[in-house]
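Everything below belongs to query38.txt, which stores compact mmCIF, C-alpha atoms and all ligand atoms.
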# COMPACT_ATOMS: atom_id res chain seq x y z
CA MET K 28 -49.03 -16.88 -46.17
CA LEU K 29 -52.51 -17.84 -47.31
CA LEU K 30 -51.14 -20.65 -49.45
CA GLN K 31 -48.40 -21.85 -47.13
CA VAL K 32 -48.44 -24.36 -44.30
CA PRO K 33 -47.35 -22.88 -40.95
CA ARG K 34 -43.58 -22.98 -40.40
CA GLY K 35 -42.42 -26.31 -39.01
CA THR K 36 -45.43 -28.25 -40.30
CA LYS K 37 -45.72 -30.17 -43.54
CA ASP K 38 -48.20 -31.84 -45.81
CA ILE K 39 -47.60 -35.54 -46.16
CA LEU K 40 -48.37 -35.89 -49.84
CA PRO K 41 -50.03 -38.85 -51.61
CA GLU K 42 -46.63 -39.91 -53.00
CA GLU K 43 -45.31 -40.15 -49.45
CA THR K 44 -48.25 -41.70 -47.61
CA PRO K 45 -47.65 -45.31 -48.81
CA VAL K 46 -44.33 -45.33 -46.91
CA TRP K 47 -45.99 -43.92 -43.81
CA GLN K 48 -48.73 -46.54 -44.06
CA GLU K 49 -46.18 -49.30 -44.48
CA VAL K 50 -44.18 -48.18 -41.42
CA GLU K 51 -47.35 -47.86 -39.35
CA SER K 52 -48.79 -51.19 -40.41
CA LYS K 53 -45.48 -52.97 -39.69
CA ALA K 54 -45.43 -51.27 -36.27
CA ARG K 55 -49.02 -52.32 -35.55
CA ARG K 56 -48.26 -55.91 -36.49
CA ILE K 57 -45.23 -56.04 -34.22
CA PHE K 58 -47.01 -54.30 -31.34
CA SER K 59 -49.67 -56.96 -31.45
CA LEU K 60 -46.99 -59.70 -31.42
CA TYR K 61 -45.71 -58.17 -28.18
CA ASN K 62 -49.26 -57.85 -26.80
CA TYR K 63 -49.54 -54.05 -26.94
CA ALA K 64 -53.00 -52.55 -27.50
CA GLU K 65 -53.63 -49.19 -29.14
CA ILE K 66 -54.68 -46.16 -27.14
CA ARG K 67 -55.83 -42.88 -28.71
CA THR K 68 -55.87 -39.85 -26.45
CA PRO K 69 -56.94 -36.29 -27.36
CA VAL K 70 -54.39 -34.09 -29.13
CA PHE K 71 -54.94 -31.41 -26.52
CA GLU K 72 -54.88 -31.66 -22.75
CA ASN K 73 -55.00 -29.38 -19.74
CA VAL K 74 -51.79 -27.45 -19.54
CA THR K 75 -51.21 -28.40 -15.89
CA LEU K 76 -50.79 -32.06 -16.86
CA PHE K 77 -47.60 -31.36 -18.80
CA LYS K 78 -46.28 -28.84 -16.30
CA ARG K 79 -46.60 -31.47 -13.56
CA ALA K 80 -45.42 -34.43 -15.63
CA LEU K 81 -42.55 -32.97 -17.64
CA GLY K 82 -41.35 -30.43 -15.06
CA ASP K 83 -41.61 -26.64 -14.94
CA VAL K 84 -37.96 -26.05 -15.78
CA THR K 85 -37.83 -28.18 -18.93
CA ASP K 86 -37.36 -26.67 -22.40
CA ILE K 87 -40.67 -28.15 -23.53
CA VAL K 88 -42.69 -26.53 -20.75
CA GLN K 89 -40.81 -23.24 -20.74
CA LYS K 90 -40.47 -22.61 -24.45
CA GLN K 91 -42.17 -25.16 -26.66
CA MET K 92 -45.79 -25.60 -25.68
CA PHE K 93 -48.58 -24.44 -27.96
CA VAL K 94 -50.92 -23.17 -25.27
CA PHE K 95 -54.38 -21.79 -25.95
CA LYS K 96 -57.14 -20.43 -23.81
CA GLN K 97 -60.80 -21.33 -24.15
CA GLY K 98 -63.02 -19.57 -21.63
CA ASP K 99 -61.23 -19.90 -18.31
CA ASP K 100 -59.36 -23.06 -19.28
CA HIS K 101 -55.80 -23.29 -20.55
CA PHE K 102 -55.07 -26.14 -22.91
CA VAL K 103 -51.96 -27.31 -24.70
CA LEU K 104 -51.47 -29.22 -27.93
CA ARG K 105 -49.75 -32.31 -26.57
CA PRO K 106 -45.96 -32.07 -26.91
CA GLU K 107 -45.66 -35.82 -26.21
CA ALA K 108 -47.96 -38.66 -25.20
CA THR K 109 -46.45 -40.29 -22.11
CA ALA K 110 -48.11 -37.79 -19.76
CA SER K 111 -51.44 -38.12 -21.62
CA ILE K 112 -51.30 -41.89 -21.35
CA ALA K 113 -50.41 -41.80 -17.65
CA ARG K 114 -53.43 -39.49 -17.23
CA ALA K 115 -55.66 -41.85 -19.24
CA TYR K 116 -54.36 -44.87 -17.30
CA LEU K 117 -55.26 -43.25 -13.99
CA GLU K 118 -58.54 -41.71 -15.14
CA ASN K 119 -59.86 -44.91 -16.72
CA ASN K 120 -58.44 -47.20 -14.07
CA LEU K 121 -56.58 -49.18 -16.73
CA GLY K 122 -54.55 -51.01 -14.11
CA PHE K 123 -57.64 -52.59 -12.61
CA GLY K 124 -57.34 -56.39 -12.53
CA VAL K 125 -54.11 -56.53 -14.57
CA LYS K 126 -50.50 -56.39 -13.45
CA LEU K 127 -49.27 -54.79 -16.61
CA ARG K 128 -50.92 -52.64 -19.26
CA LYS K 129 -49.09 -52.54 -22.56
CA LEU K 130 -50.21 -49.63 -24.72
CA PHE K 131 -49.07 -48.22 -28.06
CA TYR K 132 -49.90 -45.01 -29.90
CA ILE K 133 -49.30 -43.41 -33.26
CA GLY K 134 -50.12 -39.76 -33.78
CA PRO K 135 -49.15 -36.10 -34.05
CA MET K 136 -47.28 -34.16 -31.35
CA PHE K 137 -46.66 -30.41 -31.24
CA ARG K 138 -43.66 -28.41 -30.06
CA ALA K 139 -42.94 -24.76 -30.83
CA GLU K 140 -39.30 -25.39 -31.69
CA ARG K 141 -37.08 -23.66 -34.23
CA PRO K 142 -37.64 -25.84 -37.31
CA GLN K 143 -34.73 -27.53 -39.05
CA LYS K 144 -34.02 -30.88 -40.74
CA GLY K 145 -35.65 -33.54 -38.58
CA ARG K 146 -37.16 -30.95 -36.23
CA LEU K 147 -40.74 -29.87 -36.82
CA ARG K 148 -43.48 -28.12 -34.90
CA GLN K 149 -45.96 -30.83 -35.74
CA PHE K 150 -44.36 -34.26 -35.89
CA HIS K 151 -45.50 -37.82 -35.27
CA HIS K 152 -44.70 -40.36 -32.60
CA ILE K 153 -44.87 -44.12 -32.76
CA GLY K 154 -44.53 -45.16 -29.16
CA VAL K 155 -45.28 -47.63 -26.39
CA GLU K 156 -45.88 -47.42 -22.68
CA ALA K 157 -45.77 -50.54 -20.48
CA ILE K 158 -47.37 -49.57 -17.18
CA GLY K 159 -47.58 -51.52 -13.93
CA LEU K 160 -44.24 -53.18 -13.15
CA THR K 161 -40.66 -52.30 -12.23
CA ASN K 162 -39.05 -55.57 -13.37
CA PRO K 163 -35.81 -55.02 -15.38
CA ASN K 164 -36.87 -57.72 -17.85
CA LEU K 165 -39.58 -55.31 -18.96
CA ASP K 166 -36.96 -52.63 -19.72
CA ILE K 167 -35.16 -55.26 -21.80
CA GLU K 168 -38.34 -56.16 -23.66
CA VAL K 169 -39.13 -52.54 -24.41
CA ILE K 170 -35.63 -51.88 -25.78
CA GLU K 171 -35.69 -55.16 -27.72
CA LEU K 172 -39.06 -54.10 -29.17
CA ALA K 173 -37.59 -50.76 -30.30
CA ASP K 174 -34.72 -52.68 -31.91
CA LYS K 175 -37.11 -55.14 -33.58
CA LEU K 176 -39.14 -52.27 -35.08
CA LEU K 177 -36.06 -50.61 -36.56
CA ARG K 178 -34.87 -53.89 -38.06
CA GLU K 179 -38.32 -54.56 -39.47
CA PHE K 180 -38.35 -51.09 -41.07
CA GLY K 181 -35.02 -51.96 -42.71
CA ILE K 182 -33.10 -49.27 -40.81
CA SER K 183 -29.49 -50.09 -39.92
CA ASN K 184 -26.46 -48.28 -38.46
CA TYR K 185 -28.35 -47.05 -35.42
CA LYS K 186 -27.08 -47.36 -31.88
CA PHE K 187 -28.69 -47.38 -28.44
CA VAL K 188 -27.19 -44.93 -25.96
CA ILE K 189 -28.15 -45.85 -22.42
CA ASN K 190 -27.78 -44.68 -18.82
CA SER K 191 -29.46 -45.03 -15.45
CA LEU K 192 -30.59 -42.08 -13.38
CA GLY K 193 -31.39 -44.36 -10.44
CA CYS K 194 -34.31 -43.99 -8.06
CA VAL K 195 -35.48 -40.68 -6.59
CA LYS K 196 -32.77 -40.73 -3.90
CA ASP K 197 -30.08 -41.56 -6.46
CA LYS K 198 -31.31 -38.87 -8.78
CA ALA K 199 -31.05 -36.35 -5.94
CA LYS K 200 -27.49 -37.54 -5.24
CA PHE K 201 -26.68 -37.27 -8.94
CA ALA K 202 -28.07 -33.71 -8.93
CA ASP K 203 -25.86 -32.78 -5.94
CA LEU K 204 -22.75 -34.17 -7.63
CA LEU K 205 -23.58 -32.23 -10.77
CA LYS K 206 -24.18 -29.02 -8.83
CA GLN K 207 -20.83 -29.36 -7.07
CA ALA K 208 -19.01 -30.06 -10.32
CA LEU K 209 -20.72 -27.20 -12.17
CA ALA K 210 -20.29 -24.67 -9.37
CA LYS K 211 -16.59 -24.43 -10.30
CA HIS K 212 -17.52 -23.35 -13.83
CA LYS K 213 -20.55 -21.23 -13.01
CA LYS K 214 -19.16 -17.97 -14.45
CA VAL K 215 -18.49 -19.56 -17.85
CA LEU K 216 -21.97 -21.08 -18.19
CA CYS K 217 -24.69 -19.25 -20.12
CA LYS K 218 -27.15 -17.13 -18.11
CA ASP K 219 -29.90 -19.77 -18.39
CA CYS K 220 -27.61 -22.51 -17.09
CA GLN K 221 -26.48 -20.36 -14.18
CA LYS K 222 -30.12 -20.36 -13.10
CA ARG K 223 -30.60 -24.00 -14.01
CA ILE K 224 -27.87 -25.04 -11.52
CA THR K 225 -30.22 -24.21 -8.69
CA LYS K 226 -33.59 -24.71 -10.38
CA ASN K 227 -33.06 -27.98 -12.24
CA VAL K 228 -29.45 -28.90 -12.70
CA PHE K 229 -30.08 -31.79 -15.15
CA ARG K 230 -31.26 -29.33 -17.74
CA VAL K 231 -27.73 -27.88 -17.91
CA LEU K 232 -26.85 -31.16 -19.63
CA ASP K 233 -29.38 -30.45 -22.42
CA CYS K 234 -28.04 -26.94 -23.12
CA LYS K 235 -27.08 -26.33 -26.76
CA ASN K 236 -24.67 -23.48 -25.94
CA GLU K 237 -21.16 -24.53 -27.09
CA LYS K 238 -19.40 -23.32 -23.92
CA CYS K 239 -21.90 -25.14 -21.69
CA LYS K 240 -21.55 -28.29 -23.78
CA GLU K 241 -17.76 -28.15 -23.49
CA ILE K 242 -18.01 -27.94 -19.71
CA THR K 243 -20.62 -30.66 -19.28
CA HIS K 244 -18.68 -33.01 -21.58
CA SER K 245 -15.56 -32.53 -19.46
CA LEU K 246 -17.33 -33.47 -16.19
CA LYS K 247 -16.46 -36.83 -14.70
CA ILE K 248 -19.37 -37.76 -12.46
CA GLY K 249 -19.38 -41.52 -13.00
CA GLN K 250 -22.28 -43.55 -11.66
CA SER K 251 -21.37 -43.54 -8.00
CA TYR K 252 -24.82 -42.10 -7.21
CA LEU K 253 -26.54 -45.43 -8.03
CA CYS K 254 -27.71 -47.43 -5.00
CA GLY K 255 -27.25 -51.22 -4.89
CA ASP K 256 -30.73 -51.99 -6.23
CA CYS K 257 -30.54 -49.51 -9.09
CA LYS K 258 -27.03 -50.63 -10.00
CA SER K 259 -28.15 -54.24 -10.14
CA HIS K 260 -31.28 -53.27 -12.17
CA PHE K 261 -29.06 -51.45 -14.68
CA ASP K 262 -26.58 -54.34 -14.88
CA LYS K 263 -29.41 -56.81 -15.55
CA VAL K 264 -30.73 -54.63 -18.36
CA LEU K 265 -27.28 -54.35 -19.97
CA LYS K 266 -26.78 -58.14 -19.68
CA GLY K 267 -30.17 -58.67 -21.31
CA LEU K 268 -29.21 -56.41 -24.22
CA ASP K 269 -25.93 -58.32 -24.60
CA LYS K 270 -27.88 -61.56 -24.70
CA PHE K 271 -30.08 -60.24 -27.52
CA GLY K 272 -27.06 -58.86 -29.40
CA ILE K 273 -28.34 -55.28 -29.22
CA LYS K 274 -25.58 -52.72 -29.75
CA TYR K 275 -25.43 -50.01 -27.09
CA GLU K 276 -23.11 -47.51 -25.53
CA VAL K 277 -23.37 -46.53 -21.86
CA LYS K 278 -23.28 -42.74 -21.74
CA GLU K 279 -22.89 -41.10 -18.38
CA GLN K 280 -24.82 -37.86 -18.27
CA LEU K 281 -27.55 -39.05 -20.61
CA VAL K 282 -30.44 -37.67 -18.57
CA ARG K 283 -33.13 -36.92 -21.20
CA GLY K 284 -34.95 -33.60 -21.38
CA LEU K 285 -38.03 -34.51 -19.36
CA ASP K 286 -38.22 -34.60 -15.58
CA TYR K 287 -40.39 -37.69 -15.24
CA TYR K 288 -37.57 -40.15 -15.94
CA SER K 289 -35.86 -42.27 -13.31
CA GLY K 290 -33.89 -45.52 -13.63
CA VAL K 291 -32.92 -46.64 -17.12
CA VAL K 292 -33.06 -44.04 -19.91
CA PHE K 293 -32.03 -44.45 -23.53
CA GLU K 294 -31.90 -42.86 -26.95
CA VAL K 295 -31.49 -44.41 -30.38
CA VAL K 296 -29.13 -42.38 -32.51
CA HIS K 297 -28.47 -42.59 -36.24
CA PRO K 298 -25.42 -41.01 -37.94
CA ASP K 299 -27.31 -39.96 -41.11
CA LEU K 300 -29.67 -37.65 -39.27
CA GLY K 301 -27.25 -34.78 -38.67
CA ALA K 302 -27.72 -32.49 -35.67
CA GLN K 303 -31.09 -34.01 -34.72
CA ASP K 304 -29.68 -37.51 -34.51
CA ALA K 305 -32.19 -39.20 -32.17
CA LEU K 306 -34.54 -41.53 -34.00
CA GLY K 307 -36.31 -42.19 -30.74
CA ALA K 308 -35.92 -42.26 -27.01
CA GLY K 309 -37.43 -43.56 -23.82
CA GLY K 310 -36.89 -44.98 -20.40
CA ARG K 311 -38.41 -45.64 -17.01
CA TYR K 312 -40.72 -43.17 -15.32
CA ASP K 313 -41.71 -45.00 -12.12
CA TYR K 314 -42.30 -41.77 -10.20
CA LEU K 315 -44.58 -40.04 -12.68
CA PHE K 316 -47.60 -41.71 -11.12
CA LYS K 317 -46.47 -40.56 -7.69
CA GLU K 318 -46.21 -37.02 -9.04
CA LEU K 319 -49.63 -37.14 -10.69
CA ALA K 320 -51.66 -39.22 -8.23
CA ASN K 321 -49.45 -40.28 -5.33
CA LYS K 322 -49.39 -43.90 -6.57
CA GLU K 323 -46.49 -46.34 -6.81
CA ILE K 324 -46.63 -47.66 -10.35
CA GLY K 325 -43.65 -48.77 -12.41
CA ALA K 326 -43.61 -47.84 -16.09
CA VAL K 327 -41.30 -47.83 -19.08
CA GLY K 328 -41.70 -46.81 -22.71
CA PHE K 329 -40.27 -45.11 -25.76
CA ALA K 330 -41.29 -43.07 -28.77
CA PHE K 331 -39.81 -42.87 -32.25
CA GLY K 332 -40.10 -39.68 -34.28
CA GLU K 333 -41.83 -40.85 -37.45
CA GLU K 334 -40.38 -38.07 -39.63
CA ARG K 335 -36.91 -39.10 -38.50
CA LEU K 336 -37.65 -42.75 -39.29
CA MET K 337 -38.54 -41.57 -42.81
CA LEU K 338 -35.12 -39.89 -43.11
CA ALA K 339 -33.33 -43.08 -42.05
CA LEU K 340 -35.39 -45.55 -44.13
CA PRO K 341 -33.71 -47.16 -47.12
CA LYS K 342 -35.11 -45.55 -50.26
CA LYS K 343 -37.28 -47.85 -52.36
CA GLU K 344 -40.07 -47.53 -54.84
CA SER K 345 -43.56 -47.83 -53.52
CA SER K 346 -45.10 -51.20 -54.25
CA LYS K 347 -48.66 -49.85 -54.16
CA LYS K 348 -49.83 -49.57 -57.77
CA LEU K 349 -53.13 -49.36 -59.55
CA ASN K 350 -54.09 -52.70 -61.11
CA VAL K 351 -56.40 -51.59 -63.90
CA TYR K 352 -57.16 -48.33 -65.70
CA VAL K 353 -60.32 -48.57 -67.82
CA MET K 354 -60.98 -46.30 -70.80
CA SER K 355 -63.91 -46.08 -73.16
CA LEU K 356 -64.40 -44.65 -76.62
CA GLY K 357 -68.00 -43.82 -77.44
CA ASP K 358 -71.20 -43.48 -75.38
CA LYS K 359 -72.34 -47.09 -75.36
CA ALA K 360 -68.85 -48.12 -74.27
CA ALA K 361 -68.87 -45.69 -71.32
CA ASP K 362 -71.89 -47.38 -69.71
CA LYS K 363 -70.36 -50.82 -70.16
CA SER K 364 -67.02 -49.62 -68.83
CA LEU K 365 -68.50 -48.26 -65.63
CA GLU K 366 -70.22 -51.63 -65.09
CA LEU K 367 -66.85 -53.34 -65.49
CA VAL K 368 -65.15 -50.90 -63.12
CA LYS K 369 -67.75 -51.71 -60.49
CA ASN K 370 -67.33 -55.47 -61.00
CA LEU K 371 -63.54 -55.28 -60.83
CA ARG K 372 -63.68 -53.31 -57.59
CA SER K 373 -66.19 -55.78 -56.13
CA ALA K 374 -63.73 -58.54 -56.96
CA GLY K 375 -61.02 -56.71 -54.98
CA VAL K 376 -59.07 -55.45 -58.00
CA SER K 377 -57.94 -51.82 -57.65
CA CYS K 378 -59.28 -49.98 -60.60
CA ASP K 379 -60.04 -46.53 -61.98
CA PHE K 380 -61.81 -45.08 -65.02
CA ASP K 381 -60.71 -42.31 -67.36
CA TYR K 382 -63.46 -39.69 -67.18
CA SER K 383 -61.80 -37.32 -69.64
CA ASP K 384 -62.88 -36.62 -73.22
CA GLY K 385 -59.31 -37.12 -74.42
CA SER K 386 -57.96 -39.28 -77.22
CA LEU K 387 -57.02 -42.94 -76.74
CA LYS K 388 -53.37 -41.84 -76.74
CA SER K 389 -53.90 -39.37 -73.90
CA LYS K 390 -55.85 -41.98 -71.93
CA LEU K 391 -53.06 -44.53 -72.33
CA ASN K 392 -50.56 -41.86 -71.26
CA GLU K 393 -52.59 -41.33 -68.11
CA ALA K 394 -52.58 -45.13 -67.43
CA ASN K 395 -48.81 -45.02 -67.76
CA LYS K 396 -48.44 -42.08 -65.36
CA LEU K 397 -50.64 -43.84 -62.82
CA GLY K 398 -48.41 -46.91 -63.06
CA ALA K 399 -51.42 -49.10 -63.94
CA ARG K 400 -50.54 -52.72 -64.65
CA PHE K 401 -53.31 -53.10 -67.25
CA ALA K 402 -55.30 -50.69 -69.39
CA ILE K 403 -58.68 -51.95 -70.53
CA ILE K 404 -59.97 -50.36 -73.69
CA ILE K 405 -63.65 -50.57 -74.59
CA GLY K 406 -64.92 -49.00 -77.82
CA ASP K 407 -68.32 -49.27 -79.52
CA ASP K 408 -66.77 -51.85 -81.87
CA GLU K 409 -65.74 -54.04 -78.97
CA ILE K 410 -69.20 -53.72 -77.43
CA ASN K 411 -70.78 -55.07 -80.60
CA LYS K 412 -68.45 -58.09 -80.45
CA GLY K 413 -69.01 -58.53 -76.69
CA LYS K 414 -65.27 -58.11 -76.20
CA LEU K 415 -62.73 -55.69 -74.79
CA VAL K 416 -58.99 -55.15 -75.12
CA VAL K 417 -56.62 -55.73 -72.22
CA LYS K 418 -53.32 -53.94 -72.68
CA PHE K 419 -50.35 -55.14 -70.58
CA MET K 420 -48.68 -51.80 -69.87
CA GLN K 421 -45.19 -53.06 -68.99
CA GLU K 422 -44.99 -55.84 -71.58
CA GLY K 423 -46.48 -53.73 -74.39
CA LYS K 424 -48.69 -56.65 -75.60
CA GLN K 425 -52.48 -56.79 -75.71
CA GLU K 426 -55.23 -59.42 -75.77
CA GLU K 427 -58.89 -59.46 -76.74
CA VAL K 428 -61.03 -60.88 -73.94
CA GLU K 429 -64.76 -61.70 -73.77
CA PHE K 430 -66.49 -59.01 -71.72
CA VAL K 431 -68.03 -61.62 -69.41
CA ASN K 432 -64.61 -63.17 -68.72
CA ALA K 433 -62.75 -59.91 -68.10
CA VAL K 434 -62.79 -59.92 -64.28
CA GLY K 435 -61.68 -63.56 -64.09
CA PHE K 436 -58.96 -62.95 -66.68
CA ILE K 437 -57.45 -60.05 -64.69
CA LYS K 438 -57.77 -61.86 -61.35
CA ASN K 439 -55.97 -64.92 -62.74
CA ILE K 440 -53.00 -62.89 -63.94
CA LEU K 441 -52.78 -60.93 -60.67
CA LYS K 442 -52.66 -64.23 -58.78
CA GLU K 443 -49.53 -65.37 -60.68
P1 LIG P 501 -38.61 -37.25 -26.82
O1 LIG P 501 -37.14 -37.58 -26.81
O2 LIG P 501 -38.97 -35.86 -26.46
O3 LIG P 501 -39.29 -38.29 -25.86
O4 LIG P 501 -39.19 -37.58 -28.24
C1 LIG P 501 -39.02 -38.86 -28.83
C2 LIG P 501 -38.56 -38.72 -30.27
O5 LIG P 501 -39.46 -37.87 -30.98
C3 LIG P 501 -37.20 -38.05 -30.46
O6 LIG P 501 -36.15 -38.97 -30.28
C4 LIG P 501 -37.30 -37.60 -31.90
O7 LIG P 501 -37.06 -38.68 -32.80
C5 LIG P 501 -38.76 -37.21 -32.03
N1 LIG P 501 -38.94 -35.76 -31.89
C6 LIG P 501 -38.94 -35.03 -30.76
N2 LIG P 501 -39.13 -33.72 -31.03
C7 LIG P 501 -39.26 -33.63 -32.38
C8 LIG P 501 -39.47 -32.55 -33.29
N3 LIG P 501 -39.62 -31.30 -32.87
N4 LIG P 501 -39.54 -32.83 -34.61
C9 LIG P 501 -39.41 -34.10 -35.06
N5 LIG P 501 -39.22 -35.16 -34.25
C10 LIG P 501 -39.13 -34.92 -32.93
C11 LIG P 501 -40.64 -38.30 -25.61
O8 LIG P 501 -41.43 -37.57 -26.15
C12 LIG P 501 -41.05 -39.34 -24.61
N6 LIG P 501 -42.52 -39.25 -24.43
C13 LIG P 501 -40.65 -40.74 -25.04
C14 LIG P 501 -41.06 -41.78 -24.04
C15 LIG P 501 -42.12 -42.61 -24.13
N7 LIG P 501 -40.48 -42.01 -22.89
C16 LIG P 501 -41.14 -42.98 -22.25
N8 LIG P 501 -42.15 -43.32 -22.98

Would you mind writing the file's structure down as structure tokens?
Ligand code: HAM
Amino acid sequence: MLLQVPRGTKDILPEETPVWQEVESKARRIFSLYNYAEIRTPVFENVTLFKRALGDVTDIVQKQMFVFKQGDDHFVLRPEATASIARAYLENNLGFGVKLRKLFYIGPMFRAERPQKGRLRQFHHIGVEAIGLTNPNLDIEVIELADKLLREFGISNYKFVINSLGCVKDKAKFADLLKQALAKHKKVLCKDCQKRITKNVFRVLDCKNEKCKEITHSLKIGQSYLCGDCKSHFDKVLKGLDKFGIKYEVKEQLVRGLDYYSGVVFEVVHPDLGAQDALGAGGRYDYLFKELANKEIGAVGFAFGEERLMLALPKKESSKKLNVYVMSLGDKAADKSLELVKNLRSAGVSCDFDYSDGSLKSKLNEANKLGARFAIIIGDDEINKGKLVVKFMQEGKQEEVEFVNAVGFIKNILKE
């Protein structure tokens, strides 16, 4: 226990971090192309925020929140960031003077779920929230942005699954239709779902129980609950996706596991991920602001699970390598070597020094293990001649170079 990470969490090791950095830096670059600015909110919030935003009868609120008490206050490690960002938007008046606020975030989320492949208790989101407008073209942009990110990461074979829950009235109609349809099967549903029918019928659709799934899959509700405006909003979004050549499948009954959604909702699924096949998900949540602060503010966003992106990424070798590994033999050489190391680093060349007392062979072995492009060897002999040896690790050749020219020599080759 002492030497183990808590179940459902993991160390992201130095061998793995270059891929994470690459994904995150690509995401940042694209977010800025689409005019999204970064927001960083605390990793814990007041528990009431999530109860209000996500809904009391959701799996997250009922079973998955890491809640802790400090004095008289109850906090929760954030299970997601949409509610936090809505809170931050309202608290900091981020809508002041602008029609639309486009925000992105990258960071850890926490859910006390049963861990399995692609499902952790601490995981990471890369997400966006566009807050301020209800225009369907914004839904299209947000989905197109999700698609652009995946393509930029080199992920293929994914598919968007999309639906519309409609406005509040439509959603209520949808709930009634579901209740009526499920009432006929009530006895066969699991105990939780029997309660869910009256408490929050949409959550029956998220149930993992095989019998419940069989029944919900057999229901034919259609989309008759959508009013004219919501139907036309949904049609415009689908047309927009067609125009951009984005592959999607309309899936009736896709409702998402959080109560704040209304209007268009979507998930991005990938066949290689197994049971936890959603790479990311999102949608509209125009009524969240009404729920939190009685304000009419349109909003749409999505979040990718970063661990799941890692599972779907094409495997490739990391391109981040050490340029130079410097080694010295003898005391005089050590001083000179450290001077060179400093100069190389000042010139922007990544560089490290072998601090061990090992033999030249063991030092060269280390350079090899580190994947260094060059080893620089400085012995007392070389010092007397004012020279050093540059060994090209891949090519197996070596050259004697004047000490004073060493930095320029390395920089010139790296430029090629
Ligand atoms: P979500 O579907 O709960 O939506 O999470 C988004 C994504 O996070 C999932 O599709 C999945 O890839 C990843 N994810 C969720 N739970 C876990 C877990 N336990 N372990 C690993 N990955 C996980 C949201 O959280 C919404 N806030 C998305 C959103 C943003 N909607 C509008 N704006």

message: Here's a test: counting all atoms listed in the file, identify every protein, DNA and RNA residue with an atom at most 10 Å from (-40.0, -26.9, -31.8) in the file's coordinate frame, and state them as an NGL selection string.
response: :K and (35 or 86-87 or 90-93 or 106 or 137-143 or 146-150)

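Proximity ranking of K:Val291, K:Ala308, K:Val417, K:Ile133 relative to ligand LIG 501 (chain P) places K:Ala308 first, based on only C-alpha atoms and all ligand atoms.
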
- prompt: Within 8 Å of range 175-187 of chain K, counting only C-alpha atoms, which residues qualify if same-chain residues fewer than 4 places away don't, as a list in words?
  reply: Val50, Lys53, Ala54, Ile57, Glu171, Ile273, Lys274, Tyr275, Glu276, Phe293, Glu294, Val295, Val296, His297, Pro298, Ala339, Leu340 and Pro341 of chain K

Around all the atoms of ligand LIG 501 (chain P) listed in the file, draw an axis-aligned box and extend it by 8 Å on each of the six sides; I want its centre and edge lengths in Å to one decimal, as AutoDock Vina command-line options.
--center_x -39.3 --center_y -37.3 --center_z -28.7 --size_x 22.4 --size_y 28.0 --size_z 28.8

What are the closest atom pairs, with distances in Å to one decimal, for all residues of chain K lying within 8 Å of ligand LIG 501 (chain P)? Consider only C-alpha atoms and all ligand atoms, order rows by chain and residue number, and present the result as a tab-separated table.
residue	atom	partner	partner_atom	distance
K:Pro106	CA	P:LIG501	O8	7.2
K:Glu107	CA	P:LIG501	O8	4.6
K:Ala108	CA	P:LIG501	N6	5.5
K:Thr109	CA	P:LIG501	N6	4.7
K:Ala110	CA	P:LIG501	N6	7.4
K:Phe137	CA	P:LIG501	N3	7.3
K:Arg138	CA	P:LIG501	N3	5.7
K:Ala139	CA	P:LIG501	N3	7.6
K:Glu140	CA	P:LIG501	N3	6.0
K:Pro142	CA	P:LIG501	N3	7.3
K:Gly145	CA	P:LIG501	C9	5.2
K:Arg146	CA	P:LIG501	N4	3.4
K:Leu147	CA	P:LIG501	N4	3.9
K:Arg148	CA	P:LIG501	N3	5.4
K:Gln149	CA	P:LIG501	N4	6.8
K:Phe150	CA	P:LIG501	C9	5.0
K:His151	CA	P:LIG501	N5	6.9
K:His152	CA	P:LIG501	O5	6.0
K:Gly154	CA	P:LIG501	C15	6.1
K:Val155	CA	P:LIG501	N8	6.3
K:Glu156	CA	P:LIG501	N8	5.6
K:Arg283	CA	P:LIG501	O1	6.9
K:Gly284	CA	P:LIG501	O2	6.9
K:Leu285	CA	P:LIG501	O2	7.3
K:Tyr288	CA	P:LIG501	N7	7.8
K:Glu294	CA	P:LIG501	O6	6.7
K:Val295	CA	P:LIG501	O6	7.2
K:Gln303	CA	P:LIG501	C4	7.7
K:Asp304	CA	P:LIG501	O7	7.7
K:Ala305	CA	P:LIG501	O6	4.4
K:Leu306	CA	P:LIG501	O7	4.0
K:Gly307	CA	P:LIG501	O6	3.3
K:Ala308	CA	P:LIG501	O6	4.6
K:Gly309	CA	P:LIG501	N7	3.5
K:Gly310	CA	P:LIG501	C16	5.0
K:Arg311	CA	P:LIG501	C16	6.5
K:Tyr312	CA	P:LIG501	C16	6.9
K:Val327	CA	P:LIG501	C16	5.8
K:Gly328	CA	P:LIG501	N8	3.5
K:Phe329	CA	P:LIG501	C15	3.5
K:Ala330	CA	P:LIG501	C13	4.4
K:Phe331	CA	P:LIG501	C2	4.8
K:Gly332	CA	P:LIG501	O7	3.5
K:Glu333	CA	P:LIG501	O7	7.0
K:Glu334	CA	P:LIG501	C9	6.1
K:Arg335	CA	P:LIG501	O7	5.7
K:Leu336	CA	P:LIG501	O7	7.7

message: For a cutoff of 8 Å around the file-coordinate point (-23.8, -35.6, -23.4), which residues qualify once you count all atoms listed in the file? I'd like the result as a PyMOL selection string.
response: chain K and resi 232-233+240+243-244+278-281

task: Pick out the residues sitting within 12 Å of Tyr382 in chain K, and hand them over as number ranges by chain; count only C-alpha atoms, and ignore anything fewer than 5 positions along from it in its own chain.
output: K: 352-358, 361-362, 364-365, 387, 389-390, 393
